[in-house]
>>> print(open('start_28.txt').read())   # compact mmCIF, C-alpha atoms
# COMPACT_ATOMS: atom_id res chain seq x y z
CA LEU A 1 95.48 171.23 192.94
CA HIS A 2 99.14 172.09 193.52
CA LEU A 3 101.35 169.27 194.78
CA GLY A 4 102.16 171.24 197.89
CA LYS A 5 98.50 171.44 198.85
CA ILE A 6 97.80 167.71 198.56
CA THR A 7 97.49 166.15 202.00
CA GLN A 8 97.28 162.69 203.49
CA ASP A 9 93.49 163.07 203.62
CA HIS A 10 93.33 163.69 199.87
CA ILE A 11 95.29 160.52 199.12
CA GLU A 12 93.29 158.35 201.51
CA LEU A 13 90.04 159.70 200.03
CA LEU A 14 91.33 158.77 196.57
CA TYR A 15 92.07 155.20 197.71
CA GLN A 16 88.64 154.90 199.30
CA THR A 17 87.00 156.14 196.08
CA LEU A 18 88.94 153.60 194.00
CA ARG A 19 87.76 150.82 196.31
CA THR A 20 84.09 151.83 196.12
CA LEU A 21 83.66 152.39 192.39
CA LYS A 22 80.91 150.50 190.56
CA ARG A 23 83.75 148.22 189.50
CA PRO A 24 86.15 148.64 192.42
CA LEU A 25 89.85 148.26 191.88
CA SER A 26 91.68 145.41 193.55
CA GLU A 27 94.09 146.07 196.40
CA THR A 28 96.93 145.05 194.08
CA THR A 29 95.95 147.82 191.63
CA VAL A 30 95.56 150.35 194.46
CA LEU A 31 99.02 149.34 195.66
CA GLN A 32 100.45 149.99 192.18
CA ILE A 33 98.80 153.43 192.16
CA HIS A 34 100.19 154.06 195.65
CA ARG A 35 103.72 153.30 194.41
CA VAL A 36 103.37 155.66 191.43
CA ILE A 37 102.07 158.50 193.61
CA SER A 38 104.82 157.87 196.16
CA GLN A 39 107.44 158.13 193.43
CA ILE A 40 105.93 161.41 192.16
CA PHE A 41 106.08 163.00 195.61
CA LYS A 42 109.57 161.60 196.26
CA SER A 43 110.75 163.23 193.06
CA ALA A 44 109.05 166.49 193.99
CA VAL A 45 110.86 166.55 197.35
CA GLN A 46 114.21 165.83 195.66
CA LYS A 47 113.60 168.73 193.25
CA LYS A 48 112.63 170.97 196.21
CA MET A 49 109.16 171.54 194.77
CA ILE A 50 107.68 170.56 198.15
CA ASN A 51 109.19 170.19 201.61
CA GLU A 52 107.68 166.85 202.58
CA SER A 53 105.74 164.03 200.96
CA PRO A 54 102.28 163.28 202.40
CA MET A 55 102.91 159.65 201.46
CA LEU A 56 105.22 159.29 204.47
CA TYR A 57 102.16 158.91 206.68
CA ILE A 58 100.10 156.61 204.48
CA LYS A 59 100.31 152.87 204.94
CA ALA A 60 100.78 151.02 201.66
CA PRO A 61 97.78 148.85 200.65
CA LYS A 62 98.31 145.11 200.92
CA ARG A 63 98.54 143.08 197.74
CA SER A 64 95.33 141.18 196.98
CA LYS A 65 95.37 137.45 197.58
CA THR A 66 94.51 135.33 194.58
CA LYS A 67 91.51 133.04 194.74
CA TYR A 68 93.94 130.12 195.06
CA GLN A 69 95.73 131.75 198.00
CA GLN A 70 92.44 132.54 199.73
CA GLU A 71 91.60 128.84 199.67
CA LEU A 72 94.85 127.78 201.31
CA PRO A 73 94.22 127.81 205.06
CA PHE A 74 96.96 125.21 205.58
CA ASN A 75 100.46 126.21 204.50
CA VAL A 76 102.36 124.52 207.32
CA LEU A 77 101.24 121.69 209.60
CA ASP A 78 102.01 121.51 213.30
CA SER A 79 102.96 118.16 214.85
CA ASN A 80 99.38 117.18 215.70
CA ASN A 81 98.06 117.88 212.20
CA LEU A 82 101.06 116.13 210.68
CA LYS A 83 100.24 113.02 212.72
CA LYS A 84 96.64 113.22 211.51
CA LEU A 85 97.82 113.48 207.91
CA ILE A 86 100.19 110.52 208.23
CA GLU A 87 97.50 108.43 209.90
CA GLY A 88 95.13 109.19 207.02
CA LEU A 89 97.74 108.14 204.47
CA LYS A 90 98.12 104.60 205.78
CA GLY A 91 97.61 102.18 202.92
CA SER A 92 98.61 104.79 200.32
CA TYR A 93 101.83 104.75 198.28
CA LEU A 94 102.28 108.33 199.49
CA LEU A 95 102.83 107.39 203.13
CA ASP A 96 106.60 106.79 203.03
CA LEU A 97 107.18 109.77 200.75
CA VAL A 98 105.30 112.08 203.11
CA VAL A 99 107.04 110.81 206.24
CA ILE A 100 110.50 111.24 204.70
CA ALA A 101 109.69 114.67 203.23
CA ALA A 102 108.32 115.86 206.57
CA LYS A 103 111.28 114.52 208.55
CA THR A 104 114.02 115.78 206.23
CA GLY A 105 112.69 118.81 204.36
CA ILE A 106 113.75 117.29 201.03
CA ARG A 107 111.97 118.82 198.04
CA ARG A 108 109.59 116.73 195.95
CA GLY A 109 111.88 116.64 192.92
CA GLU A 110 114.90 115.72 195.03
CA LEU A 111 112.98 112.96 196.79
CA LEU A 112 111.75 111.38 193.56
CA ALA A 113 115.25 111.61 192.05
CA LEU A 114 116.84 109.58 194.85
CA LYS A 115 118.44 106.34 193.74
CA VAL A 116 119.39 103.38 195.89
CA SER A 117 123.06 104.34 195.60
CA ASP A 118 122.30 107.73 197.21
CA ILE A 119 121.37 106.08 200.53
CA ASN A 120 124.16 105.21 202.97
CA PHE A 121 122.77 103.03 205.74
CA ASP A 122 126.17 102.70 207.46
CA LYS A 123 126.48 106.47 207.84
CA SER A 124 122.72 107.11 208.20
CA SER A 125 122.77 109.65 205.41
CA ILE A 126 121.18 110.64 202.10
CA HIS A 127 123.20 112.21 199.29
CA ILE A 128 121.15 114.72 197.28
CA CYS A 129 122.70 115.59 193.94
CA LYS A 130 119.87 115.82 191.42
CA SER A 131 116.20 116.58 191.02
CA LEU A 132 113.33 115.22 188.96
CA GLU A 133 111.13 117.51 186.93
CA GLN A 134 108.28 117.12 184.48
CA THR A 135 108.00 119.35 181.42
CA LYS A 136 105.55 119.46 178.53
CA SER A 137 108.28 119.20 175.92
CA GLU A 138 110.58 116.59 177.46
CA GLY A 139 108.37 114.72 179.92
CA ILE A 140 109.96 113.46 183.14
CA LYS A 141 113.71 114.00 183.36
CA LEU A 142 116.57 114.33 185.82
CA LYS A 143 118.18 117.72 186.12
CA SER A 144 121.19 119.18 187.85
CA PRO A 145 120.61 121.44 190.87
CA LYS A 146 120.34 125.20 190.32
CA ASN A 147 123.38 125.86 192.48
CA MET A 148 126.14 123.93 194.21
CA SER A 149 124.61 124.42 197.66
CA SER A 150 121.73 122.20 196.57
CA ILE A 151 124.15 119.28 196.35
CA ARG A 152 124.37 118.05 199.91
CA THR A 153 124.49 115.07 202.22
CA ILE A 154 122.06 115.06 205.11
CA GLY A 155 121.93 112.86 208.18
CA VAL A 156 118.72 110.98 208.94
CA ASP A 157 117.37 109.20 211.98
CA SER A 158 116.65 105.50 212.38
CA GLU A 159 112.93 105.87 211.65
CA THR A 160 113.65 107.53 208.31
CA LEU A 161 116.07 104.72 207.44
CA ILE A 162 113.33 102.17 208.11
CA PHE A 163 110.98 103.90 205.67
CA LEU A 164 113.79 104.10 203.10
CA LYS A 165 114.83 100.48 203.54
CA ARG A 166 111.39 99.05 202.87
CA ASN A 167 111.36 100.92 199.55
CA ILE A 168 114.83 99.72 198.60
CA ASP A 169 114.68 95.98 199.32
CA SER A 170 115.29 93.90 196.16
CA LYS A 171 116.28 96.96 194.09
CA ASN A 172 119.70 97.55 192.53
CA GLY A 173 121.88 100.63 192.99
CA ASN A 174 120.67 102.41 189.87
CA ASP A 175 116.98 101.98 190.66
CA TYR A 176 114.93 104.87 192.00
CA VAL A 177 114.13 104.54 195.70
CA PHE A 178 110.51 105.45 194.92
CA GLY A 179 109.56 103.71 191.73
CA GLY A 180 112.15 101.28 190.48
CA ALA A 181 113.70 101.33 187.02
CA ASP A 182 111.45 104.34 186.29
CA PRO A 183 110.65 107.20 188.68
CA LEU A 184 107.23 108.17 189.96
CA ASN A 185 105.33 110.89 188.11
CA PRO A 186 105.80 114.22 190.02
CA HIS A 187 102.53 115.77 188.86
CA LYS A 188 100.50 112.67 189.69
CA LEU A 189 102.10 112.53 193.13
CA SER A 190 101.18 116.14 193.86
CA LYS A 191 97.65 115.67 192.55
CA ASP A 192 97.10 112.52 194.61
CA PHE A 193 98.52 114.18 197.69
CA VAL A 194 96.27 117.25 197.45
CA ARG A 195 93.22 115.04 196.89
CA ILE A 196 93.86 112.98 200.03
CA ALA A 197 94.95 115.98 202.13
CA THR A 198 91.74 117.78 201.20
CA ARG A 199 89.66 114.75 202.11
CA LEU A 200 91.37 114.73 205.51
CA GLY A 201 90.46 118.37 206.09
CA PHE A 202 93.71 120.04 205.01
CA ASN A 203 92.19 122.09 202.20
CA GLY A 204 94.80 123.22 199.70
CA PHE A 205 97.81 121.90 201.60
CA SER A 206 100.46 120.94 199.05
CA PHE A 207 103.28 118.43 199.12
CA HIS A 208 105.71 121.36 199.12
CA GLY A 209 104.27 122.41 202.47
CA LEU A 210 105.85 119.34 204.06
CA ARG A 211 109.24 120.95 203.52
CA HIS A 212 108.26 123.68 205.95
CA SER A 213 106.54 121.36 208.42
CA HIS A 214 109.51 119.21 209.36
>>> encode(input="start_28.txt", output="structure tokens")
Amino acid sequence: LHLGKITQDHIELLYQTLRTLKRPLSETTVLQIHRVISQIFKSAVQKKMINESPMLYIKAPKRSKTKYQQELPFNVLDSNNLKKLIEGLKGSYLLDLVVIAAKTGIRRGELLALKVSDINFDKSSIHICKSLEQTKSEGIKLKSPKNMSSIRTIGVDSETLIFLKRNIDSKNGNDYVFGGADPLNPHKLSKDFVRIATRLGFNGFSFHGLRHSH
């Protein structure tokens, strides 16, 4: 079939056939095929082999969601669900971490890297200049931010200061706000958080989601 005789109907029939094979192709694969065909017709138009590409009228397939993504109904929490989550965390070491993350938008690694000297109660502020990460080869370590814009000082309200203060009492300036002489384990924190969030009905909601819920 000559390129010039291929129509929108031909392409859509092809996509439908690919989706209904004995072993149907995923939407991600159909999307990749769509992109290749689009490029072929675009090139044909540029070379004046055809006047117009039939792909102009075909909506691109949507990328398939992974199994993990399909099981994540909660990506962001509204205020009511956030209150429910915080209420369910009472008695857990995660409570203060969750409240501060939700109120400030600080990333997990930045939060766990905070030291007592980074908190300024007089100016009601937090200085963020490093992050904590966990790697297979080096274990838990402090790292510099990826770019200079990640180094910042943010203002916090009185409630946040209360949660910070009760984690700081009796610690020295070089201690971690959450932990002490040694920081908390980032992977364990995330695992514990997901376990409790799931138990409370927030299936798949991650600690990172708090950054977008504040």
>>> atom_distance(input="start_28.txt", atom1="CA of Lys59 in chain A", atom2="CA of Pro24 in chain A")
19.4 Å
>>> atom_distance(input="start_28.txt", atom1="CA of Thr198 in chain A", atom2="CA of Lys165 in chain A")
28.9 Å
>>> atom_distance(input="start_28.txt", atom1="CA of Ser158 in chain A", atom2="CA of Ser124 in chain A")
7.5 Å
>>> residues_around(input="start_28.txt", residues="Gln39 in chain A", least_positions_apart="6", cutoff="10 Å", atoms="all atoms listed in the file", output="JSON, numbers by chain")
{"A": [33, 45, 53, 55]}
>>> write_last_selection(input="start_28.txt", atoms="C-alpha atoms", output="tab-separated table (two decimals), in the coordinates of the input")
chain	number	residue	atom	x	y	z
A	33	ILE	CA	98.80	153.43	192.16
A	45	VAL	CA	110.86	166.55	197.35
A	53	SER	CA	105.74	164.03	200.96
A	55	MET	CA	102.91	159.65	201.46
>>> closest_residue(input="start_28.txt", among="A:Ile37, A:Val194, A:Leu132, A:Ile151", to="Glu12 in chain A", atoms="only C-alpha atoms")
A:Ile37
>>> closest_residue(input="start_28.txt", among="A:Lys83, A:Glu138, A:Leu97, A:Leu13", to="Phe163 in chain A", atoms="only C-alpha atoms")
A:Leu97
>>> closest_residue(input="start_28.txt", among="A:Arg23, A:His2, A:Lys47, A:Lys103", to="Thr160 in chain A", atoms="all atoms listed in the file")
A:Lys103
>>> residues_around(input="start_28.txt", residues="Tyr57 in chain A", least_positions_apart="4", cutoff="12 Å", atoms="all atoms listed in the file", output="PyMOL selection string")
chain A and resi 7-9+11-12+38+52-53
>>> residues_around(input="start_28.txt", residues="Ser117 in chain A", least_positions_apart="3", cutoff="8 Å", atoms="all atoms listed in the file", output="VMD selection string")
chain A and resid 120 173 to 174
>>> residues_around(input="start_28.txt", residues="Arg166 in chain A", least_positions_apart="3", cutoff="12 Å", atoms="all atoms listed in the file", output="VMD selection string")
chain A and resid 95 to 97 116 159 to 163 169 to 171 177 to 178
>>> residues_near_point(input="start_28.txt", point="(101.0, 149.6, 198.0)", cutoff="8 Å", atoms="all atoms listed in the file", output="list of chain:residue names")
A:Glu27, A:Thr28, A:Val30, A:Leu31, A:Gln32, A:Ile33, A:His34, A:Arg35, A:Lys59, A:Ala60, A:Pro61, A:Lys62, A:Arg63
>>> write_last_selection(input="start_28.txt", atoms="C-alpha atoms", output="PDB file, in the coordinates of the input")
ATOM      1  CA  GLU A  27      94.090 146.070 196.400  1.00  0.00           C
ATOM      2  CA  THR A  28      96.930 145.050 194.080  1.00  0.00           C
ATOM      3  CA  VAL A  30      95.560 150.350 194.460  1.00  0.00           C
ATOM      4  CA  LEU A  31      99.020 149.340 195.660  1.00  0.00           C
ATOM      5  CA  GLN A  32     100.450 149.990 192.180  1.00  0.00           C
ATOM      6  CA  ILE A  33      98.800 153.430 192.160  1.00  0.00           C
ATOM      7  CA  HIS A  34     100.190 154.060 195.650  1.00  0.00           C
ATOM      8  CA  ARG A  35     103.720 153.300 194.410  1.00  0.00           C
ATOM      9  CA  LYS A  59     100.310 152.870 204.940  1.00  0.00           C
ATOM     10  CA  ALA A  60     100.780 151.020 201.660  1.00  0.00           C
ATOM     11  CA  PRO A  61      97.780 148.850 200.650  1.00  0.00           C
ATOM     12  CA  LYS A  62      98.310 145.110 200.920  1.00  0.00           C
ATOM     13  CA  ARG A  63      98.540 143.080 197.740  1.00  0.00           C
TER      14      ARG A  63
END
>>> closest_residue(input="start_28.txt", among="A:Leu164, A:Ile50, A:Ala102, A:Leu142", to="Ile126 in chain A", atoms="all atoms listed in the file")
A:Leu164
>>> closest_residue(input="start_28.txt", among="A:Ser131, A:Asn185, A:Asn51, A:Thr29", to="Gly4 in chain A", atoms="only C-alpha atoms")
A:Asn51
>>> residues_around(input="start_28.txt", residues="Leu89 in chain A", least_positions_apart="6", cutoff="9 Å", atoms="all atoms listed in the file", output="VMD selection string")
chain A and resid 95 98 196 to 197
>>> closest_residue(input="start_28.txt", among="A:Ile86, A:Leu21, A:Ile100, A:Val76", to="Gly204 in chain A", atoms="only C-alpha atoms")
A:Val76
>>> decode(input="start_28.txt", residues="range 106-180 of chain A", atoms="C-alpha atoms", output="short mmCIF file (atom, residue, chain, number, x, y, z; two decimals), in the first residue's frame")
data_model
loop_
_atom_site.label_atom_id
_atom_site.label_comp_id
_atom_site.auth_asym_id
_atom_site.auth_seq_id
_atom_site.Cartn_x
_atom_site.Cartn_y
_atom_site.Cartn_z
CA ILE A 106 10.94 19.71 52.92
CA ARG A 107 12.18 16.55 51.21
CA ARG A 108 12.83 13.41 53.24
CA GLY A 109 16.61 13.57 52.81
CA GLU A 110 16.70 17.26 53.72
CA LEU A 111 14.56 16.68 56.80
CA LEU A 112 16.72 13.84 58.10
CA ALA A 113 19.89 15.86 57.44
CA LEU A 114 18.77 18.76 59.64
CA LYS A 115 21.01 19.46 62.59
CA VAL A 116 20.18 21.46 65.69
CA SER A 117 22.35 24.33 64.42
CA ASP A 118 20.15 24.60 61.31
CA ILE A 119 17.14 25.72 63.38
CA ASN A 120 16.83 29.40 64.29
CA PHE A 121 14.08 29.83 66.87
CA ASP A 122 14.64 33.60 67.13
CA LYS A 123 13.99 34.07 63.40
CA SER A 124 11.50 31.17 63.10
CA SER A 125 13.47 29.63 60.27
CA ILE A 126 15.14 26.45 59.04
CA HIS A 127 18.36 26.52 57.02
CA ILE A 128 18.50 23.69 54.48
CA CYS A 129 21.98 23.08 53.12
CA LYS A 130 22.42 19.31 52.83
CA SER A 131 20.59 16.06 52.32
CA LEU A 132 20.84 12.53 53.66
CA GLU A 133 20.95 9.56 51.34
CA GLN A 134 21.41 5.82 51.68
CA THR A 135 23.45 3.86 49.15
CA LYS A 136 24.42 0.20 48.92
CA SER A 137 28.12 0.97 48.67
CA GLU A 138 28.51 3.74 51.25
CA GLY A 139 25.51 3.32 53.54
CA ILE A 140 23.94 6.45 55.03
CA LYS A 141 25.79 9.67 54.22
CA LEU A 142 25.34 13.42 53.95
CA LYS A 143 25.55 14.91 50.50
CA SER A 144 25.63 18.37 49.00
CA PRO A 145 22.53 19.60 47.15
CA LYS A 146 22.32 19.06 43.39
CA ASN A 147 22.17 22.79 42.74
CA MET A 148 22.57 26.04 44.62
CA SER A 149 18.83 26.74 44.63
CA SER A 150 18.40 23.75 46.94
CA ILE A 151 20.34 25.63 49.62
CA ARG A 152 17.72 27.83 51.21
CA THR A 153 16.30 29.24 54.41
CA ILE A 154 12.58 28.87 54.93
CA GLY A 155 10.29 30.51 57.46
CA VAL A 156 8.13 28.29 59.66
CA ASP A 157 5.13 28.91 61.86
CA SER A 158 4.90 28.55 65.63
CA GLU A 159 3.35 25.07 65.48
CA THR A 160 6.26 23.76 63.40
CA LEU A 161 8.71 25.28 65.90
CA ILE A 162 6.97 23.40 68.72
CA PHE A 163 7.41 20.08 66.91
CA LEU A 164 11.06 20.93 66.21
CA LYS A 165 11.77 22.04 69.77
CA ARG A 166 10.58 18.83 71.37
CA ASN A 167 13.02 16.93 69.16
CA ILE A 168 15.91 19.25 69.97
CA ASP A 169 15.74 19.54 73.77
CA SER A 170 18.95 18.25 75.43
CA LYS A 171 20.78 17.89 72.09
CA ASN A 172 23.89 19.82 71.07
CA GLY A 173 24.32 21.87 67.90
CA ASN A 174 25.95 19.11 65.89
CA ASP A 175 23.29 16.52 66.68
CA TYR A 176 20.66 15.58 64.14
CA VAL A 177 17.23 17.02 64.93
CA PHE A 178 15.72 13.60 64.23
CA GLY A 179 18.02 11.00 65.67
CA GLY A 180 20.83 12.44 67.74
#
